[in-house]
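Have a look at data.csv; it's CSV, C-alpha atoms:
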chain,number,residue,atom,x,y,z
A,1,MET,CA,-30.8,10.8,-16.4
A,2,THR,CA,-30.7,8.3,-19.2
A,3,LEU,CA,-28.4,5.6,-20.4
A,4,ALA,CA,-27.9,7.6,-23.6
A,5,GLN,CA,-26.1,10.3,-21.8
A,6,ILE,CA,-22.3,10.3,-21.3
A,7,TYR,CA,-21.0,10.0,-17.8
A,8,THR,CA,-17.7,10.7,-16.3
A,9,ILE,CA,-16.4,8.9,-13.3
A,10,SER,CA,-15.1,11.0,-10.4
A,11,GLU,CA,-11.3,10.9,-10.1
A,12,ASP,CA,-11.9,10.8,-6.3
A,13,VAL,CA,-13.5,7.3,-6.4
A,14,VAL,CA,-11.5,4.2,-5.6
A,15,ALA,CA,-13.2,0.9,-6.5
A,16,ARG,CA,-12.4,-2.5,-5.0
A,17,GLU,CA,-14.0,-5.8,-5.5
A,18,VAL,CA,-14.7,-7.5,-2.2
A,19,GLY,CA,-16.3,-10.9,-2.4
A,20,GLU,CA,-19.2,-10.6,-4.8
A,21,GLU,CA,-19.6,-6.9,-4.3
A,22,THR,CA,-17.8,-3.8,-5.4
A,23,MET,CA,-17.1,-1.1,-2.8
A,24,LEU,CA,-16.6,2.4,-4.0
A,25,LEU,CA,-14.7,4.8,-1.7
A,26,ASP,CA,-15.2,8.5,-2.4
A,27,LEU,CA,-12.0,10.1,-1.3
A,28,ALA,CA,-13.6,13.6,-1.4
A,29,SER,CA,-16.2,12.8,1.2
A,30,GLY,CA,-14.6,9.7,2.9
A,31,THR,CA,-17.8,7.8,2.3
A,32,TYR,CA,-18.2,4.5,0.7
A,33,PHE,CA,-20.9,2.8,-1.4
A,34,GLY,CA,-21.6,-0.9,-2.1
A,35,LEU,CA,-22.6,-2.3,-5.5
A,36,ASN,CA,-24.0,-5.7,-6.2
A,37,PRO,CA,-22.4,-7.8,-9.0
A,38,VAL,CA,-24.3,-6.2,-11.8
A,39,GLY,CA,-23.7,-2.7,-10.4
A,40,GLY,CA,-20.0,-3.6,-9.9
A,41,ARG,CA,-19.6,-4.8,-13.5
A,42,PHE,CA,-21.4,-1.7,-14.7
A,43,TRP,CA,-19.0,0.5,-12.8
A,44,GLN,CA,-16.1,-1.5,-14.2
A,45,LEU,CA,-17.3,-1.0,-17.8
A,46,LEU,CA,-17.7,2.8,-17.2
A,47,GLU,CA,-14.2,2.8,-15.8
A,48,GLU,CA,-13.0,1.2,-19.0
A,49,GLY,CA,-14.5,4.2,-20.9
A,50,ARG,CA,-17.7,2.5,-22.1
A,51,SER,CA,-20.8,4.6,-22.5
A,52,ALA,CA,-23.7,3.7,-20.3
A,53,ASN,CA,-25.5,2.3,-23.3
A,54,GLU,CA,-22.6,0.1,-24.3
A,55,ALA,CA,-22.2,-1.1,-20.7
A,56,ARG,CA,-26.0,-1.9,-20.6
A,57,ASP,CA,-25.7,-4.0,-23.8
A,58,ILE,CA,-22.7,-6.0,-22.3
A,59,LEU,CA,-24.6,-6.5,-19.1
A,60,LEU,CA,-27.5,-7.9,-21.0
A,61,GLU,CA,-25.2,-10.5,-22.5
A,62,GLU,CA,-23.5,-11.4,-19.2
A,63,PHE,CA,-26.4,-11.5,-16.8
A,64,GLU,CA,-29.8,-13.1,-16.9
A,65,VAL,CA,-31.9,-10.0,-16.6
A,66,GLU,CA,-34.8,-8.5,-18.6
A,67,ALA,CA,-33.9,-5.4,-20.6
A,68,GLY,CA,-36.6,-3.3,-19.1
A,69,VAL,CA,-35.6,-4.2,-15.6
A,70,LEU,CA,-32.0,-3.6,-16.3
A,71,ASP,CA,-32.6,-0.2,-17.9
A,72,ALA,CA,-34.7,0.9,-14.9
A,73,ASP,CA,-32.1,-0.4,-12.4
A,74,LEU,CA,-29.2,1.3,-14.2
A,75,ALA,CA,-31.0,4.6,-14.5
A,76,ALA,CA,-31.8,4.5,-10.8
A,77,LEU,CA,-28.2,3.6,-10.0
A,78,LEU,CA,-26.8,6.4,-12.2
A,79,GLU,CA,-29.2,8.8,-10.5
A,80,GLU,CA,-28.0,7.7,-7.1
A,81,MET,CA,-24.3,7.8,-8.0
A,82,ALA,CA,-24.7,11.2,-9.5
A,83,GLY,CA,-26.3,12.4,-6.4
A,84,LYS,CA,-23.3,11.2,-4.4
A,85,GLY,CA,-20.9,12.7,-6.8
A,86,LEU,CA,-19.5,9.4,-7.9
A,87,VAL,CA,-20.3,10.1,-11.6
A,88,SER,CA,-21.3,13.3,-13.4
A,89,LEU,CA,-22.7,14.1,-16.8
A,90,ALA,CA,-19.9,14.8,-19.3
A,91,ALA,CA,-19.7,18.3,-20.4
B,1,MET,CA,7.1,3.8,16.0
B,2,SER,CA,7.4,5.5,19.4
B,3,TYR,CA,6.6,9.0,20.2
B,4,SER,CA,7.6,11.0,23.2
B,5,LEU,CA,4.9,12.6,25.3
B,6,VAL,CA,5.9,16.1,26.6
B,7,TRP,CA,3.8,17.7,29.2
B,8,ARG,CA,3.0,21.4,29.4
B,9,PRO,CA,1.4,23.0,32.5
B,10,ALA,CA,-2.3,22.7,32.7
B,11,LYS,CA,-4.4,25.7,31.6
B,12,GLN,CA,-7.6,26.6,30.0
B,13,MET,CA,-7.8,26.1,26.2
B,14,ASP,CA,-6.8,29.0,23.9
B,15,ASP,CA,-8.8,29.7,20.8
B,16,ILE,CA,-7.5,28.1,17.7
B,17,ALA,CA,-7.3,30.1,14.6
B,18,GLY,CA,-9.3,28.6,11.7
B,19,GLU,CA,-11.9,26.0,11.5
B,20,PRO,CA,-11.0,22.3,12.3
B,21,PHE,CA,-10.7,20.0,9.3
B,22,ASP,CA,-12.5,17.2,11.1
B,23,CYS,CA,-14.5,16.7,14.3
B,24,TRP,CA,-15.6,13.8,16.4
B,25,ARG,CA,-19.0,14.1,18.0
B,26,GLU,CA,-20.9,12.5,20.8
B,27,ASP,CA,-24.2,10.7,20.1
B,28,ASP,CA,-26.1,14.0,20.9
B,29,GLY,CA,-24.1,15.8,18.2
B,30,GLU,CA,-21.9,17.7,20.6
B,31,ALA,CA,-18.3,18.0,19.4
B,32,SER,CA,-15.9,16.0,21.6
B,33,THR,CA,-12.7,16.3,19.6
B,34,THR,CA,-11.5,18.7,16.9
B,35,PHE,CA,-8.7,18.1,14.4
B,36,HIS,CA,-6.5,21.0,13.2
B,37,ARG,CA,-3.4,21.1,11.0
B,38,THR,CA,-0.2,22.8,12.2
B,39,PRO,CA,3.1,23.5,10.4
B,40,ASP,CA,4.6,20.4,12.1
B,41,GLY,CA,1.7,18.0,11.9
B,42,PHE,CA,-1.6,18.1,13.8
B,43,LEU,CA,-3.3,19.6,16.8
B,44,LEU,CA,-6.0,17.5,18.3
B,45,ARG,CA,-8.3,19.1,20.9
B,46,PHE,CA,-10.1,16.8,23.2
B,47,LEU,CA,-12.5,19.4,24.5
B,48,GLU,CA,-12.9,17.8,28.0
B,49,GLY,CA,-9.3,16.7,28.3
B,50,ALA,CA,-6.4,18.3,26.7
B,51,ASP,CA,-4.7,19.6,23.6
B,52,PHE,CA,-2.3,17.3,21.8
B,53,GLU,CA,0.2,18.8,19.4
B,54,ILE,CA,1.7,16.1,17.1
B,55,ASP,CA,5.1,16.9,15.7
B,56,LEU,CA,5.5,14.3,13.0
B,57,ALA,CA,9.1,15.0,12.1
B,58,ARG,CA,10.4,15.1,15.7
B,59,ARG,CA,8.1,12.4,16.8
B,60,ILE,CA,6.9,14.3,19.8
B,61,VAL,CA,3.4,14.8,21.2
B,62,THR,CA,3.0,17.8,23.4
B,63,CYS,CA,0.1,17.7,25.8
B,64,THR,CA,-1.5,20.7,27.4
B,65,PRO,CA,-4.2,19.4,29.8
B,66,LEU,CA,-7.1,21.3,31.2
B,67,PRO,CA,-6.7,22.1,34.9
B,68,GLU,CA,-8.0,19.3,37.2
B,69,VAL,CA,-8.0,16.7,34.5
B,70,SER,CA,-6.3,13.6,35.9
B,71,GLU,CA,-2.9,12.6,34.5
B,72,ASP,CA,-4.2,9.0,34.0
B,73,TYR,CA,-7.1,10.2,31.9
B,74,VAL,CA,-4.8,12.2,29.7
B,75,ARG,CA,-2.3,9.3,29.3
B,76,ASN,CA,-5.2,7.1,28.4
B,77,ILE,CA,-6.2,9.5,25.6
B,78,PHE,CA,-2.5,9.5,24.4
B,79,SER,CA,-2.3,5.8,24.4
B,80,ASN,CA,-5.7,4.8,23.2
B,81,GLN,CA,-6.5,7.7,20.8
B,82,ILE,CA,-3.5,9.7,19.8
B,83,MET,CA,-1.0,6.9,19.2
B,84,PRO,CA,-3.5,4.7,17.2
B,85,LEU,CA,-4.3,7.7,15.0
B,86,VAL,CA,-0.6,8.4,14.4
B,87,TRP,CA,0.3,4.8,13.7
B,88,THR,CA,-2.5,4.5,11.2
B,89,TYR,CA,-1.2,7.7,9.6
B,90,GLU,CA,2.2,6.1,9.4
B,91,GLY,CA,0.8,3.0,7.7
B,92,LEU,CA,0.2,0.6,10.7
B,93,PRO,CA,-3.5,0.1,10.8
B,94,VAL,CA,-5.1,0.2,14.2
B,95,LEU,CA,-8.6,-1.1,14.9
B,96,HIS,CA,-11.1,-0.3,17.6
B,97,ALA,CA,-10.8,-3.8,18.9
B,98,SER,CA,-9.5,-5.9,21.8
B,99,CYS,CA,-7.6,-9.0,21.0
B,100,VAL,CA,-6.8,-12.3,22.7
B,101,VAL,CA,-4.8,-15.4,22.0
B,102,ILE,CA,-6.4,-18.7,21.5
B,103,ASP,CA,-4.1,-21.7,20.8
B,104,GLY,CA,-1.4,-19.3,19.5
B,105,TYR,CA,-3.6,-17.3,17.2
B,106,ALA,CA,-5.0,-13.8,17.6
B,107,TYR,CA,-8.7,-13.2,17.6
B,108,GLY,CA,-10.1,-9.7,17.6
B,109,PHE,CA,-13.3,-8.3,19.1
B,110,LEU,CA,-14.2,-5.2,17.0
B,111,GLY,CA,-16.7,-2.6,18.0
B,112,PRO,CA,-17.3,0.9,19.3
B,113,SER,CA,-17.1,1.9,22.9
B,114,GLY,CA,-19.5,0.1,25.1
B,115,ARG,CA,-19.7,-3.2,23.2
B,116,GLY,CA,-17.7,-5.1,25.8
B,117,LYS,CA,-14.3,-5.2,24.2
B,118,SER,CA,-12.3,-4.8,27.4
B,119,THR,CA,-14.6,-7.0,29.4
B,120,LEU,CA,-14.1,-9.8,27.0
B,121,ALA,CA,-10.4,-9.3,26.9
B,122,ALA,CA,-10.2,-9.5,30.7
B,123,ALA,CA,-12.6,-12.5,30.8
B,124,PHE,CA,-10.4,-14.4,28.3
B,125,ALA,CA,-7.2,-13.5,30.2
B,126,SER,CA,-8.7,-14.5,33.5
B,127,GLN,CA,-9.3,-18.0,31.9
B,128,GLY,CA,-5.7,-18.3,30.7
B,129,HIS,CA,-6.0,-16.8,27.2
B,130,ALA,CA,-3.6,-14.0,27.2
B,131,PHE,CA,-4.7,-10.6,25.8
B,132,LEU,CA,-2.8,-8.7,23.3
B,133,THR,CA,-4.7,-5.5,23.8
B,134,ASP,CA,-7.9,-4.3,25.4
B,135,ASP,CA,-8.4,-1.5,22.9
B,136,GLY,CA,-6.3,-0.4,19.9
B,137,MET,CA,-5.5,-3.5,17.9
B,138,LEU,CA,-2.3,-3.0,15.9
B,139,ILE,CA,-2.0,-5.0,12.7
B,140,GLU,CA,1.2,-5.4,10.8
B,141,SER,CA,1.8,-7.4,7.7
B,142,ASP,CA,5.0,-9.0,6.8
B,143,ASP,CA,6.3,-12.2,5.2
B,144,LYS,CA,4.5,-14.2,7.9
B,145,GLY,CA,1.2,-12.6,7.0
B,146,PHE,CA,-0.9,-10.4,9.3
B,147,GLN,CA,0.3,-10.2,12.9
B,148,VAL,CA,-1.3,-8.5,15.9
B,149,ARG,CA,1.2,-6.6,18.0
B,150,PRO,CA,0.9,-6.6,21.8
B,151,TYR,CA,-0.1,-3.3,23.1
B,152,LEU,CA,-0.6,-1.9,26.6
B,153,PRO,CA,-0.4,-4.5,29.3
B,154,SER,CA,-3.4,-3.4,31.2
B,155,VAL,CA,-7.2,-3.5,30.9
B,156,ARG,CA,-9.6,-0.7,31.6
B,157,LEU,CA,-12.8,-1.9,33.1
B,158,MET,CA,-16.0,-0.4,34.4
B,159,PRO,CA,-16.6,-1.1,38.1
B,160,ASP,CA,-19.2,-3.8,37.5
B,161,SER,CA,-17.0,-5.7,35.1
B,162,LYS,CA,-14.0,-5.4,37.4
B,163,ASP,CA,-16.0,-6.6,40.4
B,164,ALA,CA,-17.5,-9.5,38.5
B,165,LEU,CA,-14.1,-10.7,37.2
B,166,PHE,CA,-11.7,-9.9,39.9
B,167,GLY,CA,-13.6,-8.8,43.0
B,168,ASP,CA,-10.9,-7.6,45.4
B,169,GLU,CA,-8.1,-9.6,43.9
B,170,ALA,CA,-6.9,-7.2,41.3
B,171,VAL,CA,-4.7,-4.3,41.9
B,172,ALA,CA,-6.4,-1.4,40.2
B,173,GLU,CA,-4.4,1.7,39.2
B,174,PRO,CA,-5.9,5.0,40.3
B,175,ASP,CA,-9.0,5.5,38.2
B,176,ASP,CA,-10.0,8.5,36.3
B,177,GLY,CA,-12.3,9.8,38.9
B,178,GLU,CA,-15.0,12.0,37.7
B,179,TRP,CA,-13.6,12.1,34.1
B,180,ALA,CA,-14.2,8.4,33.4
B,181,PRO,CA,-15.3,5.7,35.8
B,182,LYS,CA,-13.0,3.0,34.5
B,183,SER,CA,-10.2,1.4,36.5
B,184,ARG,CA,-7.0,0.2,34.9
B,185,ILE,CA,-6.1,-3.4,35.9
B,186,VAL,CA,-2.5,-4.1,35.2
B,187,ALA,CA,-1.4,-7.5,33.7
B,188,SER,CA,-0.5,-10.2,36.1
B,189,PRO,CA,-0.4,-14.0,36.3
B,190,ARG,CA,-4.1,-13.6,37.0
B,191,LEU,CA,-4.5,-11.4,33.9
B,192,PRO,CA,-1.8,-12.6,31.5
B,193,HIS,CA,-0.7,-10.3,28.7
B,194,ALA,CA,0.8,-11.7,25.5
B,195,ASP,CA,4.3,-10.2,25.0
B,196,ALA,CA,4.8,-11.3,21.4
B,197,PRO,CA,2.9,-10.8,18.2
B,198,ALA,CA,0.4,-13.5,17.2
B,199,PRO,CA,-0.9,-14.3,13.7
B,200,LEU,CA,-4.4,-13.0,13.2
B,201,LYS,CA,-7.0,-15.7,12.7
B,202,ALA,CA,-10.4,-14.1,12.8
B,203,ILE,CA,-12.3,-11.0,13.8
B,204,TYR,CA,-15.5,-11.0,15.8
B,205,VAL,CA,-17.7,-8.0,15.3
B,206,LEU,CA,-19.5,-7.2,18.5
B,207,GLU,CA,-23.2,-6.4,18.4
B,208,ASN,CA,-25.5,-5.7,21.3
B,209,ASP,CA,-29.0,-6.6,20.3
B,210,GLY,CA,-30.1,-8.2,23.5
B,211,ALA,CA,-29.0,-11.8,22.8
B,212,ILE,CA,-30.0,-14.4,25.2
B,213,GLU,CA,-27.4,-16.8,24.1
B,214,THR,CA,-24.0,-16.3,22.4
B,215,THR,CA,-24.6,-16.2,18.6
B,216,PHE,CA,-22.3,-16.2,15.6
B,217,GLU,CA,-23.2,-15.1,12.1
B,218,PRO,CA,-20.8,-14.9,9.2
B,219,LEU,CA,-20.4,-11.5,7.6
B,220,THR,CA,-20.0,-11.1,3.8
B,221,VAL,CA,-16.7,-9.6,2.8
B,222,SER,CA,-18.3,-6.2,2.1
B,223,ALA,CA,-20.1,-6.2,5.4
B,224,GLY,CA,-16.8,-7.1,7.1
B,225,LEU,CA,-15.1,-4.2,5.2
B,226,ASP,CA,-17.9,-1.9,6.3
B,227,ALA,CA,-17.3,-2.9,10.0
B,228,LEU,CA,-13.6,-2.4,9.7
B,229,LEU,CA,-13.9,1.0,8.1
B,230,LYS,CA,-16.3,2.1,10.8
B,231,ASN,CA,-14.1,0.8,13.6
B,232,SER,CA,-10.6,1.9,12.6
B,233,PHE,CA,-8.6,4.9,13.3
B,234,LEU,CA,-7.9,7.6,10.6
B,235,LEU,CA,-6.1,10.8,11.5
B,236,ASP,CA,-6.5,12.8,8.4
B,237,SER,CA,-9.9,12.3,6.7
B,238,ARG,CA,-8.8,14.7,3.9
B,239,ASP,CA,-5.6,13.0,3.0
B,240,LYS,CA,-6.6,11.1,-0.2
B,241,LEU,CA,-3.4,9.1,-0.5
B,242,ARG,CA,-3.7,7.7,3.0
B,243,ILE,CA,-7.4,7.1,2.8
B,244,ARG,CA,-6.8,5.1,-0.4
B,245,LYS,CA,-4.1,3.0,1.4
B,246,HIS,CA,-6.3,2.6,4.4
B,247,PHE,CA,-9.2,1.5,2.3
B,248,ARG,CA,-7.1,-1.1,0.6
B,249,ALA,CA,-5.6,-2.3,3.9
B,250,MET,CA,-9.0,-2.8,5.4
B,251,ALA,CA,-10.3,-4.6,2.2
B,252,ASP,CA,-7.3,-6.9,2.4
B,253,LEU,CA,-8.2,-7.8,6.0
B,254,ALA,CA,-11.8,-8.3,5.1
B,255,GLU,CA,-10.9,-10.6,2.2
B,256,THR,CA,-8.2,-12.5,4.1
B,257,PHE,CA,-9.9,-13.3,7.4
B,258,PRO,CA,-13.2,-14.6,8.5
B,259,MET,CA,-15.3,-11.9,10.1
B,260,VAL,CA,-18.1,-13.0,12.3
B,261,ARG,CA,-21.0,-11.0,13.7
B,262,MET,CA,-21.2,-12.0,17.4
B,263,ASP,CA,-23.8,-11.2,20.1
B,264,TYR,CA,-23.8,-12.4,23.6
B,265,PRO,CA,-25.8,-12.0,26.8
B,266,ARG,CA,-24.7,-8.9,28.7
B,267,ASP,CA,-24.8,-10.8,32.0
B,268,LEU,CA,-21.6,-10.6,33.8
B,269,THR,CA,-22.3,-13.8,35.7
B,270,ARG,CA,-22.3,-15.6,32.4
B,271,LEU,CA,-18.9,-14.3,31.1
B,272,SER,CA,-17.3,-17.7,31.6
B,273,GLU,CA,-19.9,-19.3,29.5
B,274,VAL,CA,-19.5,-16.7,26.8
B,275,VAL,CA,-15.7,-17.2,26.7
B,276,SER,CA,-16.3,-21.0,26.4
B,277,ALA,CA,-18.7,-20.5,23.5
B,278,ILE,CA,-16.2,-18.3,21.6
B,279,VAL,CA,-13.3,-20.6,22.2
B,280,SER,CA,-15.4,-23.5,21.0
B,281,HIS,CA,-16.4,-21.6,17.9
B,282,ALA,CA,-12.8,-20.6,17.2
B,283,ARG,CA,-11.4,-24.1,17.7
B,284,LYS,CA,-14.2,-25.9,15.8
B,285,THR,CA,-14.1,-23.7,12.8
B,286,GLY,CA,-10.7,-22.0,12.9
B,287,GLY,CA,-12.7,-18.9,13.0
B,288,GLN,CA,-14.4,-19.8,9.8
B,289,PRO,CA,-18.1,-18.8,9.9
Please render this file's structure as structure tokens.
Amino acid sequence: MTLAQIYTISEDVVAREVGEETMLLDLASGTYFGLNPVGGRFWQLLEEGRSANEARDILLEEFEVEAGVLDADLAALLEEMAGKGLVSLAA
Amino acid sequence: MSYSLVWRPAKQMDDIAGEPFDCWREDDGEASTTFHRTPDGFLLRFLEGADFEIDLARRIVTCTPLPEVSEDYVRNIFSNQIMPLVWTYEGLPVLHASCVVIDGYAYGFLGPSGRGKSTLAAAFASQGHAFLTDDGMLIESDDKGFQVRPYLPSVRLMPDSKDALFGDEAVAEPDDGEWAPKSRIVASPRLPHADAPAPLKAIYVLENDGAIETTFEPLTVSAGLDALLKNSFLLDSRDKLRIRKHFRAMADLAETFPMVRMDYPRDLTRLSEVVSAIVSHARKTGGQP
């Protein structure tokens, strides 16, 4: 999975900011998933319809993080979220 | 809010057509309770107790117990499992928690079975802090904020807790015999029960990691939400609308109230000391971690 690909957020996911984190509830499975502030902001941007690459560029402006580290973290996050059915590759 | 409990004659359980939509399991993986839909609501089968058919429209729960299962045991399932599930379904969240009143405010003790919820409730009450519930904490929100409703005016205790707290003083209702070793101790001046709602102040999440002293550790909001979701009732795990509402209700609680991870020595001779430590923590900090 790469940031260049287009992802679709599952309609079964409810997101809620709680404190500094974002909790995602997957209504389909009843399971939930916690995101740190960077991950939560990434999710928010995807929800707004941004592509993963656009979201990555915004995160680079908003957080003090190296591009290489962010790219690797976001790729891993997308992989994990796809594995849980929270996002999927757009057809 | 109330449902009528209707009894049918005891009998062995019939087969139920179709697979359950949900299942509770024991630690060893064995199913303990299965959840089924019916035209009128739900059928919950407690495999070692009884079938409970919930008719949502008529607000009736029809119970068919297994032969030789004690009535008290079945009534306990009705009160501490069926009704909390139904109330949560109807939008009144219920937590797996006991709750006591300190200086007019409600403090909950959240956790799964075996963490000491009932023992703490009884220990507090025996020292003059009335209990609202020993299991099944009903939370309603209105213009006054979040209030905890009083629930059953009795505490169910294991024999060692009962002996440590009350010795021969308390009048115990008939216990569950072989089905469950707990005794039900009814509220009394010695074990005061709060008869009015109290505003919620904080929730303590009970751990059991072998603490030598009573310890308190603040939980992040997300950790608090995690604890609430794991320790709250949910009747229909496939009902997306209600799951969404439940998630939001639990998040509201986690954001609004301090949630404190608490551990304490599991030494019944030190219960008074544990109560004092919690009261002191509650008063000093208003429940704030």
_Top pick for closest residue to chain B, considering A:Leu35, A:Ala4, A:Ile9, A:Ala76 and counting only C-alpha atoms_ =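 Of the candidates, the smallest distance to chain B is held by A:Leu35.
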_At a cut-off of 9 Å, which residues of chain A touch chain B? Count all atoms listed in the file and give the answer as a PyMOL selection string._
chain A and resi 12+14+16-23+25+27-30+32+34
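The interatomic distance for the pair atom CA of Glu30 of chain B and atom CA of Gly49 of chain B works out to 14.8 Å.
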*Expressed in Å to a single decimal, how great is the separation between atom CA of Gly167 of chain B and atom CA of Ala122 of chain B?*
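Between atom CA of Gly167 of chain B and atom CA of Ala122 of chain B the gap is 12.8 Å.
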_When you look at Glu47 of chain A with a cut-off of 12 Å (counting only C-alpha atoms), what residues show up, excluding the ones that are within fewer than 3 positions of it in the same chain? I need them as a ChimeraX atom specification._
/A:7-11,13-15,40-44,50-52,55,86-87
